[in-house]
$ cat query19.txt   # compact mmCIF, C-alpha atoms and all ligand atoms
# COMPACT_ATOMS: atom_id res chain seq x y z
CA MET A 1 -3.48 -15.77 -9.20
CA PRO A 2 -0.63 -13.25 -9.07
CA ASN A 3 2.29 -14.22 -6.81
CA GLY A 4 1.21 -12.05 -3.86
CA SER A 5 -2.29 -13.54 -3.85
CA ARG A 6 -0.84 -17.03 -4.13
CA ARG A 7 1.43 -16.44 -1.13
CA ALA A 8 -1.50 -15.04 0.83
CA ALA A 9 -3.67 -18.04 -0.05
CA ARG A 10 -0.94 -20.43 1.10
CA ARG A 11 -0.47 -18.55 4.40
CA LEU A 12 -4.22 -18.75 5.05
CA ALA A 13 -4.48 -22.43 4.09
CA MET A 14 -6.72 -21.52 1.15
CA PRO A 15 -6.51 -22.95 -2.39
CA GLU A 16 -4.57 -21.15 -5.10
CA LEU A 17 -6.63 -20.24 -8.14
CA PRO A 18 -4.91 -20.97 -11.49
CA GLU A 19 -3.53 -17.72 -12.90
CA ALA A 20 -5.37 -17.99 -16.24
CA MET A 21 -8.70 -18.37 -14.46
CA PHE A 22 -7.92 -15.46 -12.15
CA LEU A 23 -7.04 -13.17 -15.07
CA GLU A 24 -10.06 -14.21 -17.12
CA SER A 25 -12.38 -13.43 -14.21
CA VAL A 26 -10.92 -9.93 -13.93
CA ARG A 27 -11.10 -9.36 -17.70
CA GLY A 28 -14.72 -10.58 -17.73
CA LEU A 29 -15.75 -8.11 -15.04
CA VAL A 30 -13.97 -5.21 -16.77
CA ARG A 31 -15.80 -6.03 -20.01
CA ALA A 32 -19.14 -6.19 -18.20
CA ASP A 33 -18.57 -2.96 -16.25
CA ARG A 34 -16.63 -0.91 -18.80
CA ASP A 35 -19.38 1.75 -18.98
CA TRP A 36 -18.81 2.44 -15.29
CA ILE A 37 -15.16 3.44 -15.70
CA PRO A 38 -15.16 7.12 -14.68
CA ASP A 39 -13.92 9.74 -17.15
CA ALA A 40 -12.62 11.98 -14.39
CA GLU A 41 -8.84 12.38 -14.26
CA GLU A 42 -8.57 10.88 -10.77
CA GLY A 43 -11.22 8.24 -11.40
CA SER A 44 -10.76 4.53 -11.97
CA LEU A 45 -12.54 1.20 -11.76
CA TYR A 46 -11.19 -0.39 -8.60
CA LEU A 47 -11.13 -4.18 -8.89
CA ARG A 48 -11.22 -6.33 -5.78
CA PRO A 49 -10.80 -10.08 -6.16
CA PHE A 50 -11.47 -11.96 -2.93
CA MET A 51 -12.03 -15.42 -1.57
CA PHE A 52 -13.81 -16.79 1.46
CA ALA A 53 -14.50 -20.20 2.96
CA SER A 54 -18.06 -21.38 2.34
CA GLY A 55 -18.02 -24.95 3.67
CA ALA A 56 -20.93 -25.93 5.92
CA PHE A 57 -18.91 -26.81 9.00
CA LEU A 58 -18.57 -25.31 12.45
CA GLY A 59 -15.01 -25.73 13.63
CA VAL A 60 -11.43 -24.59 13.14
CA ARG A 61 -9.90 -26.19 10.06
CA PRO A 62 -9.35 -25.26 6.41
CA SER A 63 -12.62 -25.38 4.50
CA SER A 64 -13.34 -27.93 1.80
CA GLN A 65 -15.16 -25.27 -0.20
CA TYR A 66 -14.41 -21.67 -1.13
CA VAL A 67 -16.04 -18.87 -3.09
CA PHE A 68 -13.81 -16.75 -5.32
CA ALA A 69 -15.35 -13.51 -6.60
CA VAL A 70 -14.33 -10.19 -8.12
CA ILE A 71 -16.18 -6.97 -7.49
CA ALA A 72 -15.63 -3.57 -9.09
CA SER A 73 -16.34 -0.07 -7.92
CA ALA A 74 -16.03 3.27 -9.70
CA VAL A 75 -13.79 5.37 -7.46
CA GLY A 76 -12.33 8.87 -7.29
CA GLY A 77 -9.21 10.02 -5.44
CA TYR A 78 -8.60 8.10 -2.20
CA PHE A 79 -8.05 11.08 0.07
CA LYS A 80 -10.93 13.51 0.02
CA GLY A 81 -9.67 16.20 2.39
CA GLY A 82 -8.71 18.58 -0.41
CA SER A 83 -5.16 18.83 0.92
CA PRO A 84 -2.39 17.68 -1.43
CA SER A 85 -0.73 15.77 1.42
CA VAL A 86 -1.86 13.50 4.26
CA SER A 87 -1.17 13.63 7.97
CA LEU A 88 -0.17 10.52 9.91
CA TRP A 89 -0.69 9.36 13.47
CA VAL A 90 1.96 7.07 14.97
CA THR A 91 0.19 4.51 17.12
CA ARG A 92 2.19 3.29 20.11
CA GLU A 93 -0.55 1.15 21.54
CA TYR A 94 -1.52 -1.05 18.60
CA VAL A 95 0.43 -3.16 16.14
CA ARG A 96 -0.83 -4.32 12.77
CA ALA A 97 1.26 -7.46 12.34
CA ALA A 98 3.74 -9.61 14.23
CA PRO A 99 6.53 -11.89 13.01
CA GLY A 100 5.09 -15.25 11.98
CA GLY A 101 1.62 -13.75 11.61
CA THR A 102 -0.48 -12.80 8.59
CA GLY A 103 0.76 -9.23 7.99
CA ALA A 104 2.13 -9.98 4.53
CA ALA A 105 -1.18 -11.51 3.38
CA LYS A 106 -4.06 -9.35 2.23
CA CYS A 107 -6.57 -10.84 4.66
CA GLY A 108 -9.58 -9.25 6.30
CA GLY A 109 -8.25 -9.85 9.81
CA ASN A 110 -5.34 -7.46 9.21
CA TYR A 111 -7.74 -4.67 8.38
CA ALA A 112 -9.97 -5.49 11.33
CA ALA A 113 -6.88 -5.28 13.56
CA SER A 114 -5.97 -1.88 12.11
CA LEU A 115 -9.35 -0.17 12.48
CA ILE A 116 -9.06 0.80 16.13
CA ALA A 117 -5.69 2.44 15.41
CA GLN A 118 -7.17 4.22 12.39
CA ALA A 119 -9.97 5.51 14.64
CA GLU A 120 -7.27 6.74 17.05
CA ALA A 121 -5.62 8.59 14.13
CA ILE A 122 -8.88 10.29 13.20
CA ARG A 123 -9.48 11.28 16.83
CA HIS A 124 -6.10 13.02 16.73
CA GLY A 125 -7.04 14.86 13.56
CA CYS A 126 -4.89 12.70 11.26
CA ASP A 127 -5.80 11.00 7.98
CA GLN A 128 -3.98 7.70 8.42
CA VAL A 129 -2.19 5.60 10.98
CA VAL A 130 1.44 4.51 10.73
CA PHE A 131 2.35 1.18 12.30
CA LEU A 132 5.66 0.36 13.98
CA ASP A 133 7.12 -3.13 14.31
CA ALA A 134 5.62 -5.37 16.98
CA VAL A 135 8.92 -6.30 18.69
CA GLU A 136 10.89 -3.10 19.31
CA ARG A 137 8.07 -0.68 18.51
CA ARG A 138 10.40 1.67 16.69
CA TRP A 139 10.80 0.50 13.06
CA VAL A 140 8.37 2.05 10.59
CA GLU A 141 6.45 -0.68 8.77
CA GLU A 142 3.54 0.70 6.77
CA LEU A 143 0.21 2.49 6.97
CA GLY A 144 -3.16 0.80 7.44
CA GLY A 145 -3.51 0.23 3.69
CA MET A 146 -0.39 1.66 2.04
CA ASN A 147 3.35 1.21 1.94
CA VAL A 148 5.63 4.13 2.77
CA CYS A 149 8.73 5.63 1.08
CA PHE A 150 11.25 8.30 2.13
CA VAL A 151 13.30 10.69 -0.03
CA PHE A 152 16.54 12.28 1.18
CA ASP A 153 18.48 15.41 0.31
CA ASP A 154 21.01 13.34 -1.66
CA GLY A 155 18.14 12.28 -3.97
CA SER A 156 18.00 8.68 -2.67
CA LEU A 157 14.82 6.75 -1.90
CA GLN A 158 14.32 4.40 1.04
CA THR A 159 11.53 2.06 2.05
CA PRO A 160 11.27 -0.59 4.78
CA PRO A 161 12.38 -4.04 3.56
CA LEU A 162 9.71 -6.67 2.93
CA SER A 163 9.14 -9.17 5.69
CA ASP A 164 6.26 -11.27 6.97
CA THR A 165 4.86 -8.16 8.68
CA ILE A 166 4.64 -5.90 5.61
CA LEU A 167 2.32 -6.24 2.63
CA ALA A 168 4.39 -6.44 -0.57
CA GLY A 169 2.36 -3.86 -2.49
CA VAL A 170 2.55 -3.86 -6.27
CA THR A 171 2.68 -0.06 -6.24
CA ARG A 172 5.73 -0.12 -3.95
CA ASP A 173 7.42 -2.62 -6.24
CA SER A 174 6.56 -0.63 -9.40
CA LEU A 175 7.84 2.64 -7.91
CA LEU A 176 11.12 1.07 -6.81
CA ARG A 177 11.66 -0.14 -10.37
CA LEU A 178 10.70 3.22 -11.89
CA ALA A 179 13.00 5.04 -9.45
CA SER A 180 16.04 2.89 -10.09
CA ASN A 181 15.44 3.10 -13.84
CA ILE A 182 15.68 6.91 -13.68
CA GLY A 183 18.95 6.65 -11.76
CA VAL A 184 17.66 7.11 -8.20
CA THR A 185 19.56 5.17 -5.50
CA VAL A 186 17.00 2.86 -3.88
CA ARG A 187 17.45 1.29 -0.44
CA GLU A 188 15.19 -1.29 1.17
CA GLU A 189 16.34 -0.76 4.74
CA PRO A 190 14.70 -0.36 8.15
CA TYR A 191 13.95 3.22 9.21
CA SER A 192 13.12 4.09 12.80
CA ILE A 193 10.53 6.60 13.89
CA GLU A 194 13.23 8.48 15.87
CA GLN A 195 15.39 8.76 12.75
CA TRP A 196 12.41 9.87 10.69
CA GLU A 197 11.76 12.72 13.09
CA ALA A 198 15.46 13.68 13.35
CA ASP A 199 15.89 13.63 9.55
CA ALA A 200 12.72 15.64 8.98
CA ARG A 201 13.85 18.25 11.52
CA SER A 202 17.39 18.49 10.12
CA GLY A 203 16.19 18.67 6.53
CA HIS A 204 18.04 15.47 5.55
CA LEU A 205 14.62 13.97 4.76
CA THR A 206 13.01 16.08 2.08
CA GLU A 207 9.94 14.05 1.04
CA ALA A 208 7.87 11.11 2.25
CA PHE A 209 4.95 9.46 0.52
CA ALA A 210 2.40 6.70 0.92
CA CYS A 211 1.79 4.35 -1.99
CA GLY A 212 -0.81 1.78 -2.93
CA THR A 213 -3.30 0.96 -5.66
CA ALA A 214 -5.95 3.21 -4.09
CA ALA A 215 -3.67 5.97 -2.77
CA VAL A 216 -1.41 5.83 -5.88
CA VAL A 217 1.38 8.12 -4.59
CA THR A 218 0.27 10.49 -1.84
CA PRO A 219 2.68 12.89 -0.14
CA ILE A 220 2.95 12.77 3.65
CA GLY A 221 2.91 16.29 5.07
CA SER A 222 3.07 15.73 8.82
CA VAL A 223 3.52 13.02 11.42
CA LYS A 224 1.99 13.24 14.89
CA GLY A 225 2.42 11.03 17.93
CA ALA A 226 2.04 11.15 21.69
CA GLU A 227 5.45 12.92 21.86
CA GLY A 228 4.64 15.70 19.42
CA GLU A 229 4.45 16.48 15.74
CA PHE A 230 6.84 17.13 12.88
CA THR A 231 6.39 18.18 9.28
CA ILE A 232 8.19 17.00 6.17
CA GLY A 233 9.66 19.27 3.51
CA GLY A 234 7.75 22.44 2.68
CA GLN A 235 4.14 22.95 1.81
CA SER A 236 4.49 21.86 -1.80
CA ILE A 237 4.67 18.28 -3.10
CA GLY A 238 8.26 17.07 -3.42
CA PRO A 239 9.74 16.78 -6.91
CA LEU A 240 10.62 13.06 -6.77
CA THR A 241 7.17 12.22 -5.36
CA MET A 242 5.61 14.11 -8.28
CA ARG A 243 7.92 12.55 -10.83
CA LEU A 244 7.29 8.98 -9.69
CA ARG A 245 3.57 9.55 -9.44
CA SER A 246 3.39 10.91 -12.98
CA ALA A 247 5.60 8.14 -14.34
CA LEU A 248 3.32 5.47 -12.83
CA VAL A 249 0.00 7.12 -13.70
CA ASP A 250 1.14 7.84 -17.27
CA ILE A 251 1.89 4.13 -17.77
CA GLN A 252 -1.41 3.11 -16.14
CA ARG A 253 -3.39 5.47 -18.41
CA GLY A 254 -1.52 4.67 -21.60
CA ALA A 255 0.01 8.16 -21.83
CA ALA A 256 3.54 6.71 -21.68
CA PRO A 257 4.99 3.49 -23.10
CA ASP A 258 4.97 0.45 -20.81
CA PRO A 259 8.32 -1.31 -21.13
CA TYR A 260 7.52 -3.50 -18.10
CA GLY A 261 4.46 -5.37 -19.35
CA TRP A 262 2.31 -4.05 -16.48
CA VAL A 263 -0.62 -2.90 -18.59
CA GLU A 264 -3.15 -5.11 -20.32
CA LEU A 265 -5.73 -3.78 -22.75
CA VAL A 266 -9.13 -5.41 -22.31
CA ASP A 267 -11.10 -5.42 -25.57
C1 LIG B 1 -1.77 -3.10 4.31
C2 LIG B 1 -1.50 -2.64 2.92
N1 LIG B 1 -0.27 -2.25 2.60
C3 LIG B 1 0.04 -1.85 1.36
C4 LIG B 1 -0.92 -1.80 0.36
C5 LIG B 1 -0.54 -1.37 -1.02
O1 LIG B 1 -0.54 -2.46 -1.87
P1 LIG B 1 -0.82 -2.32 -3.44
O2 LIG B 1 0.22 -1.39 -3.95
O3 LIG B 1 -0.63 -3.73 -3.96
O4 LIG B 1 -2.20 -1.82 -3.59
C6 LIG B 1 -2.22 -2.20 0.63
C7 LIG B 1 -3.26 -2.17 -0.42
O5 LIG B 1 -4.36 -2.60 -0.27
C8 LIG B 1 -2.52 -2.63 1.95
O6 LIG B 1 -3.76 -2.98 2.27
$ encode --input "query19.txt" --output "structure tokens" --more "lines below"
Ligand SMILES: Cc1ncc(COP(=O)(O)O)c(C=O)c1O
Amino acid sequence: MPNGSRRAARRLAMPELPEAMFLESVRGLVRADRDWIPDAEEGSLYLRPFMFASGAFLGVRPSSQYVFAVIASAVGGYFKGGSPSVSLWVTREYVRAAPGGTGAAKCGGNYAASLIAQAEAIRHGCDQVVFLDAVERRWVEELGGMNVCFVFDDGSLQTPPLSDTILAGVTRDSLLRLASNIGVTVREEPYSIEQWEADARSGHLTEAFACGTAAVVTPIGSVKGAEGEFTIGGQSIGPLTMRLRSALVDIQRGAAPDPYGWVELVD
């Protein structure tokens, strides 16, 4: 298993699958389903490894038996609205994760906990929900299924630091490496919702984007909450957002060299 999956398994008292077995299962499914990989520019074969307890026992304890499986699905772009950017709703009522909890693990319960807030976002005409920290309810953590990054007028990039309440996305990690390798100053520091609004209004914040395997890099156009709404940058997609997105997608699609060893060809 990759490190993130291993950490998640440990947090959930589940067994860790040996890495070689994990990779071979993914390769096997890609070989079997290669004809389903879409040709479309935005298309991809989304792979979802998962594990669940299957022991025949009614009670609260780690299972003695688990099923590990990988499924694949041909997918297009994640956001279907036709707009180049997404709108966010800041939930004040719900939190996604609390210190000491399971927020850093990719477990079903986290998504179940986020769905009511996502429904709230949709009711307010927004695409996605943004979660604040559970303690002070002011520090931006992440979206329901994506990490979040901010770009400032001095060209620097900031993202909330990893903790046990934020999922350590591989896309976040890859973009931070790509950004610092092109000379961008990268900060992993807390960012409050008040500061986000003030910086967006003053123009100090010029771009913001969501990132994840499914969303890739998606610009954030506006942020709405009970107190009001603000927009970020202009109507067009910010230049650093575009640059990082292209750099990542070009590596993923083999259009640019991969000096990081992220890509594996399956024959
Ligand atoms: C809660 C959450 N945060 C962030 C991400 C982004 O992670 P990754 O870049 O590994 O896809 C995901 C992806 O599923 C997620 O579910």
$ residues_around --input "query19.txt" --residues "region 49-65 of chain A" --least-positions-apart "3" --cutoff "7 Å" --atoms "all atoms listed in the file" --output "list in words"
Ala13, Met14, Phe68, Ala69, Val70 and Ile71 of chain A
$ closest_atom_pairs --input "query19.txt" --of "chain A" --to "ligand LIG 1 (chain B)" --cutoff "10 Å" --atoms "all atoms listed in the file" --output "Markdown table"
| residue | atom | partner | partner_atom | distance |
| --- | --- | --- | --- | --- |
| A:Gly4 | CA | B:LIG1 | O3 | 8.5 |
| A:Ser5 | CA | B:LIG1 | O3 | 10.0 |
| A:Arg48 | CA | B:LIG1 | O5 | 9.6 |
| A:Arg96 | CA | B:LIG1 | C1 | 8.6 |
| A:Ala97 | CA | B:LIG1 | C1 | 9.6 |
| A:Gly103 | CA | B:LIG1 | C1 | 7.6 |
| A:Ala104 | CA | B:LIG1 | C1 | 7.9 |
| A:Ala105 | CA | B:LIG1 | C1 | 8.5 |
| A:Lys106 | CA | B:LIG1 | O6 | 6.4 |
| A:Cys107 | CA | B:LIG1 | O6 | 8.7 |
| A:Gly108 | CA | B:LIG1 | O6 | 9.5 |
| A:Asn110 | CA | B:LIG1 | C1 | 7.5 |
| A:Tyr111 | CA | B:LIG1 | C1 | 7.4 |
| A:Ser114 | CA | B:LIG1 | C1 | 8.9 |
| A:Phe131 | CA | B:LIG1 | C1 | 10.0 |
| A:Glu141 | CA | B:LIG1 | N1 | 9.3 |
| A:Glu142 | CA | B:LIG1 | N1 | 6.4 |
| A:Leu143 | CA | B:LIG1 | N1 | 6.5 |
| A:Gly144 | CA | B:LIG1 | C1 | 5.2 |
| A:Gly145 | CA | B:LIG1 | C8 | 3.5 |
| A:Met146 | CA | B:LIG1 | C3 | 3.6 |
| A:Asn147 | CA | B:LIG1 | C3 | 4.5 |
| A:Val148 | CA | B:LIG1 | C3 | 8.3 |
| A:Thr165 | CA | B:LIG1 | C1 | 9.4 |
| A:Ile166 | CA | B:LIG1 | N1 | 6.8 |
| A:Leu167 | CA | B:LIG1 | N1 | 4.8 |
| A:Ala168 | CA | B:LIG1 | O1 | 6.5 |
| A:Gly169 | CA | B:LIG1 | O1 | 3.3 |
| A:Val170 | CA | B:LIG1 | O3 | 3.9 |
| A:Thr171 | CA | B:LIG1 | O2 | 3.6 |
| A:Arg172 | CA | B:LIG1 | O2 | 5.7 |
| A:Asp173 | CA | B:LIG1 | O2 | 7.7 |
| A:Ser174 | CA | B:LIG1 | O2 | 8.4 |
| A:Leu175 | CA | B:LIG1 | O2 | 9.5 |
| A:Ala210 | CA | B:LIG1 | C5 | 8.8 |
| A:Cys211 | CA | B:LIG1 | C5 | 6.3 |
| A:Gly212 | CA | B:LIG1 | O2 | 3.5 |
| A:Thr213 | CA | B:LIG1 | O4 | 3.6 |
| A:Ala214 | CA | B:LIG1 | O4 | 6.3 |
| A:Ala215 | CA | B:LIG1 | O4 | 8.0 |
| A:Val216 | CA | B:LIG1 | O2 | 7.6 |
| A:Val217 | CA | B:LIG1 | O2 | 9.6 |
$ residues_around --input "query19.txt" --residues "Arg137 (chain A)" --least-positions-apart "4" --cutoff "8 Å" --atoms "all atoms listed in the file" --output "compact mmCIF listing (two decimals) with C-alpha atoms, in the coordinates of the input"
# COMPACT_ATOMS: atom_id res chain seq x y z
CA ARG A 92 2.19 3.29 20.11
CA LEU A 132 5.66 0.36 13.98
CA ASP A 133 7.12 -3.13 14.31
$ closest_residue --input "query19.txt" --among "A:Ile193, A:Gly101, A:Gly43, A:Ala112" --to "Ala8 (chain A)" --atoms "only C-alpha atoms"
A:Gly101
$ residues_near_point --input "query19.txt" --point "(17.8, 15.1, 3.1)" --cutoff "7 Å" --atoms "only C-alpha atoms" --output "list in words"
Phe152, Asp153, Asp154, Asp199, Gly203, His204, Leu205 and Thr206 of chain A
$ closest_residue --input "query19.txt" --among "A:Ser236, A:Thr91, A:Gly261, A:Leu23" --to "Ile116 (chain A)" --atoms "only C-alpha atoms"
A:Thr91
$ residues_near_point --input "query19.txt" --point "(5.3, -16.8, 10.4)" --cutoff "9 Å" --atoms "only C-alpha atoms" --output "PyMOL selection string"
chain A and resi 11+98-102+164-165
$ decode --input "query19.txt" --residues "region 150-184 of chain A" --atoms "N, CA and C atoms" --output "PDB file, in the first residue's frame"
ATOM      1  N   PHE A 150      -3.871  28.603  -2.184  1.00  0.00           N
ATOM      2  CA  PHE A 150      -4.073  30.040  -2.390  1.00  0.00           C
ATOM      3  C   PHE A 150      -2.834  30.629  -3.054  1.00  0.00           C
ATOM      4  N   VAL A 151      -3.065  31.582  -3.967  1.00  0.00           N
ATOM      5  CA  VAL A 151      -1.948  32.247  -4.661  1.00  0.00           C
ATOM      6  C   VAL A 151      -2.047  33.753  -4.397  1.00  0.00           C
ATOM      7  N   PHE A 152      -0.912  34.372  -4.083  1.00  0.00           N
ATOM      8  CA  PHE A 152      -0.913  35.790  -3.700  1.00  0.00           C
ATOM      9  C   PHE A 152      -0.238  36.661  -4.758  1.00  0.00           C
ATOM     10  N   ASP A 153      -0.436  37.982  -4.578  1.00  0.00           N
ATOM     11  CA  ASP A 153       0.074  38.908  -5.601  1.00  0.00           C
ATOM     12  C   ASP A 153       1.606  38.966  -5.640  1.00  0.00           C
ATOM     13  N   ASP A 154       2.283  38.393  -4.644  1.00  0.00           N
ATOM     14  CA  ASP A 154       3.748  38.310  -4.725  1.00  0.00           C
ATOM     15  C   ASP A 154       4.190  37.006  -5.396  1.00  0.00           C
ATOM     16  N   GLY A 155       3.207  36.241  -5.922  1.00  0.00           N
ATOM     17  CA  GLY A 155       3.523  35.000  -6.649  1.00  0.00           C
ATOM     18  C   GLY A 155       3.660  33.781  -5.749  1.00  0.00           C
ATOM     19  N   SER A 156       3.484  33.954  -4.418  1.00  0.00           N
ATOM     20  CA  SER A 156       3.657  32.805  -3.514  1.00  0.00           C
ATOM     21  C   SER A 156       2.392  31.949  -3.450  1.00  0.00           C
ATOM     22  N   LEU A 157       2.594  30.725  -2.982  1.00  0.00           N
ATOM     23  CA  LEU A 157       1.500  29.746  -2.888  1.00  0.00           C
ATOM     24  C   LEU A 157       1.383  29.295  -1.435  1.00  0.00           C
ATOM     25  N   GLN A 158       0.152  29.212  -0.941  1.00  0.00           N
ATOM     26  CA  GLN A 158      -0.050  28.780   0.453  1.00  0.00           C
ATOM     27  C   GLN A 158      -1.131  27.716   0.515  1.00  0.00           C
ATOM     28  N   THR A 159      -0.944  26.779   1.428  1.00  0.00           N
ATOM     29  CA  THR A 159      -1.972  25.751   1.644  1.00  0.00           C
ATOM     30  C   THR A 159      -1.966  25.400   3.127  1.00  0.00           C
ATOM     31  N   PRO A 160      -3.105  25.019   3.683  1.00  0.00           N
ATOM     32  CA  PRO A 160      -3.120  24.647   5.107  1.00  0.00           C
ATOM     33  C   PRO A 160      -2.150  23.504   5.393  1.00  0.00           C
ATOM     34  N   PRO A 161      -1.476  23.526   6.538  1.00  0.00           N
ATOM     35  CA  PRO A 161      -0.526  22.466   6.864  1.00  0.00           C
ATOM     36  C   PRO A 161      -1.255  21.153   7.166  1.00  0.00           C
ATOM     37  N   LEU A 162      -0.594  20.036   6.890  1.00  0.00           N
ATOM     38  CA  LEU A 162      -1.217  18.737   7.165  1.00  0.00           C
ATOM     39  C   LEU A 162      -1.365  18.541   8.665  1.00  0.00           C
ATOM     40  N   SER A 163      -2.413  17.868   9.040  1.00  0.00           N
ATOM     41  CA  SER A 163      -2.658  17.563  10.450  1.00  0.00           C
ATOM     42  C   SER A 163      -3.550  16.322  10.458  1.00  0.00           C
ATOM     43  N   ASP A 164      -4.014  15.933  11.635  1.00  0.00           N
ATOM     44  CA  ASP A 164      -4.884  14.747  11.637  1.00  0.00           C
ATOM     45  C   ASP A 164      -6.319  15.079  11.219  1.00  0.00           C
ATOM     46  N   THR A 165      -6.556  16.333  10.801  1.00  0.00           N
ATOM     47  CA  THR A 165      -7.898  16.682  10.326  1.00  0.00           C
ATOM     48  C   THR A 165      -7.934  16.964   8.825  1.00  0.00           C
ATOM     49  N   ILE A 166      -6.797  16.798   8.154  1.00  0.00           N
ATOM     50  CA  ILE A 166      -6.743  17.094   6.709  1.00  0.00           C
ATOM     51  C   ILE A 166      -6.212  15.868   5.979  1.00  0.00           C
ATOM     52  N   LEU A 167      -6.849  15.526   4.857  1.00  0.00           N
ATOM     53  CA  LEU A 167      -6.360  14.405   4.064  1.00  0.00           C
ATOM     54  C   LEU A 167      -5.120  14.844   3.271  1.00  0.00           C
ATOM     55  N   ALA A 168      -4.042  14.085   3.420  1.00  0.00           N
ATOM     56  CA  ALA A 168      -2.783  14.430   2.748  1.00  0.00           C
ATOM     57  C   ALA A 168      -2.861  13.976   1.294  1.00  0.00           C
ATOM     58  N   GLY A 169      -3.529  14.756   0.453  1.00  0.00           N
ATOM     59  CA  GLY A 169      -3.743  14.356  -0.933  1.00  0.00           C
ATOM     60  C   GLY A 169      -2.443  14.287  -1.721  1.00  0.00           C
ATOM     61  N   VAL A 170      -2.386  13.312  -2.631  1.00  0.00           N
ATOM     62  CA  VAL A 170      -1.183  13.168  -3.452  1.00  0.00           C
ATOM     63  C   VAL A 170      -1.099  14.315  -4.462  1.00  0.00           C
ATOM     64  N   THR A 171      -2.251  14.844  -4.859  1.00  0.00           N
ATOM     65  CA  THR A 171      -2.236  15.965  -5.812  1.00  0.00           C
ATOM     66  C   THR A 171      -1.663  17.210  -5.134  1.00  0.00           C
ATOM     67  N   ARG A 172      -2.096  17.466  -3.909  1.00  0.00           N
ATOM     68  CA  ARG A 172      -1.540  18.576  -3.124  1.00  0.00           C
ATOM     69  C   ARG A 172      -0.020  18.459  -3.045  1.00  0.00           C
ATOM     70  N   ASP A 173       0.432  17.278  -2.665  1.00  0.00           N
ATOM     71  CA  ASP A 173       1.861  17.054  -2.496  1.00  0.00           C
ATOM     72  C   ASP A 173       2.608  17.251  -3.823  1.00  0.00           C
ATOM     73  N   SER A 174       2.043  16.727  -4.911  1.00  0.00           N
ATOM     74  CA  SER A 174       2.700  16.851  -6.226  1.00  0.00           C
ATOM     75  C   SER A 174       2.771  18.321  -6.648  1.00  0.00           C
ATOM     76  N   LEU A 175       1.687  19.064  -6.421  1.00  0.00           N
ATOM     77  CA  LEU A 175       1.669  20.475  -6.845  1.00  0.00           C
ATOM     78  C   LEU A 175       2.656  21.309  -6.034  1.00  0.00           C
ATOM     79  N   LEU A 176       2.782  20.999  -4.741  1.00  0.00           N
ATOM     80  CA  LEU A 176       3.745  21.747  -3.925  1.00  0.00           C
ATOM     81  C   LEU A 176       5.163  21.511  -4.450  1.00  0.00           C
ATOM     82  N   ARG A 177       5.427  20.281  -4.857  1.00  0.00           N
ATOM     83  CA  ARG A 177       6.772  19.997  -5.399  1.00  0.00           C
ATOM     84  C   ARG A 177       6.973  20.678  -6.744  1.00  0.00           C
ATOM     85  N   LEU A 178       5.952  20.615  -7.606  1.00  0.00           N
ATOM     86  CA  LEU A 178       6.073  21.268  -8.916  1.00  0.00           C
ATOM     87  C   LEU A 178       6.267  22.767  -8.736  1.00  0.00           C
ATOM     88  N   ALA A 179       5.508  23.357  -7.802  1.00  0.00           N
ATOM     89  CA  ALA A 179       5.582  24.814  -7.596  1.00  0.00           C
ATOM     90  C   ALA A 179       6.965  25.198  -7.095  1.00  0.00           C
ATOM     91  N   SER A 180       7.468  24.495  -6.089  1.00  0.00           N
ATOM     92  CA  SER A 180       8.777  24.933  -5.584  1.00  0.00           C
ATOM     93  C   SER A 180       9.876  24.672  -6.607  1.00  0.00           C
ATOM     94  N   ASN A 181       9.689  23.657  -7.464  1.00  0.00           N
ATOM     95  CA  ASN A 181      10.708  23.422  -8.499  1.00  0.00           C
ATOM     96  C   ASN A 181      10.705  24.460  -9.613  1.00  0.00           C
ATOM     97  N   ILE A 182       9.611  25.242  -9.738  1.00  0.00           N
ATOM     98  CA  ILE A 182       9.642  26.336 -10.727  1.00  0.00           C
ATOM     99  C   ILE A 182       9.911  27.674 -10.025  1.00  0.00           C
ATOM    100  N   GLY A 183      10.336  27.591  -8.774  1.00  0.00           N
ATOM    101  CA  GLY A 183      10.787  28.813  -8.090  1.00  0.00           C
ATOM    102  C   GLY A 183       9.709  29.552  -7.311  1.00  0.00           C
ATOM    103  N   VAL A 184       8.532  28.933  -7.176  1.00  0.00           N
ATOM    104  CA  VAL A 184       7.454  29.573  -6.411  1.00  0.00           C
ATOM    105  C   VAL A 184       7.721  29.377  -4.909  1.00  0.00           C
TER     106      VAL A 184
END
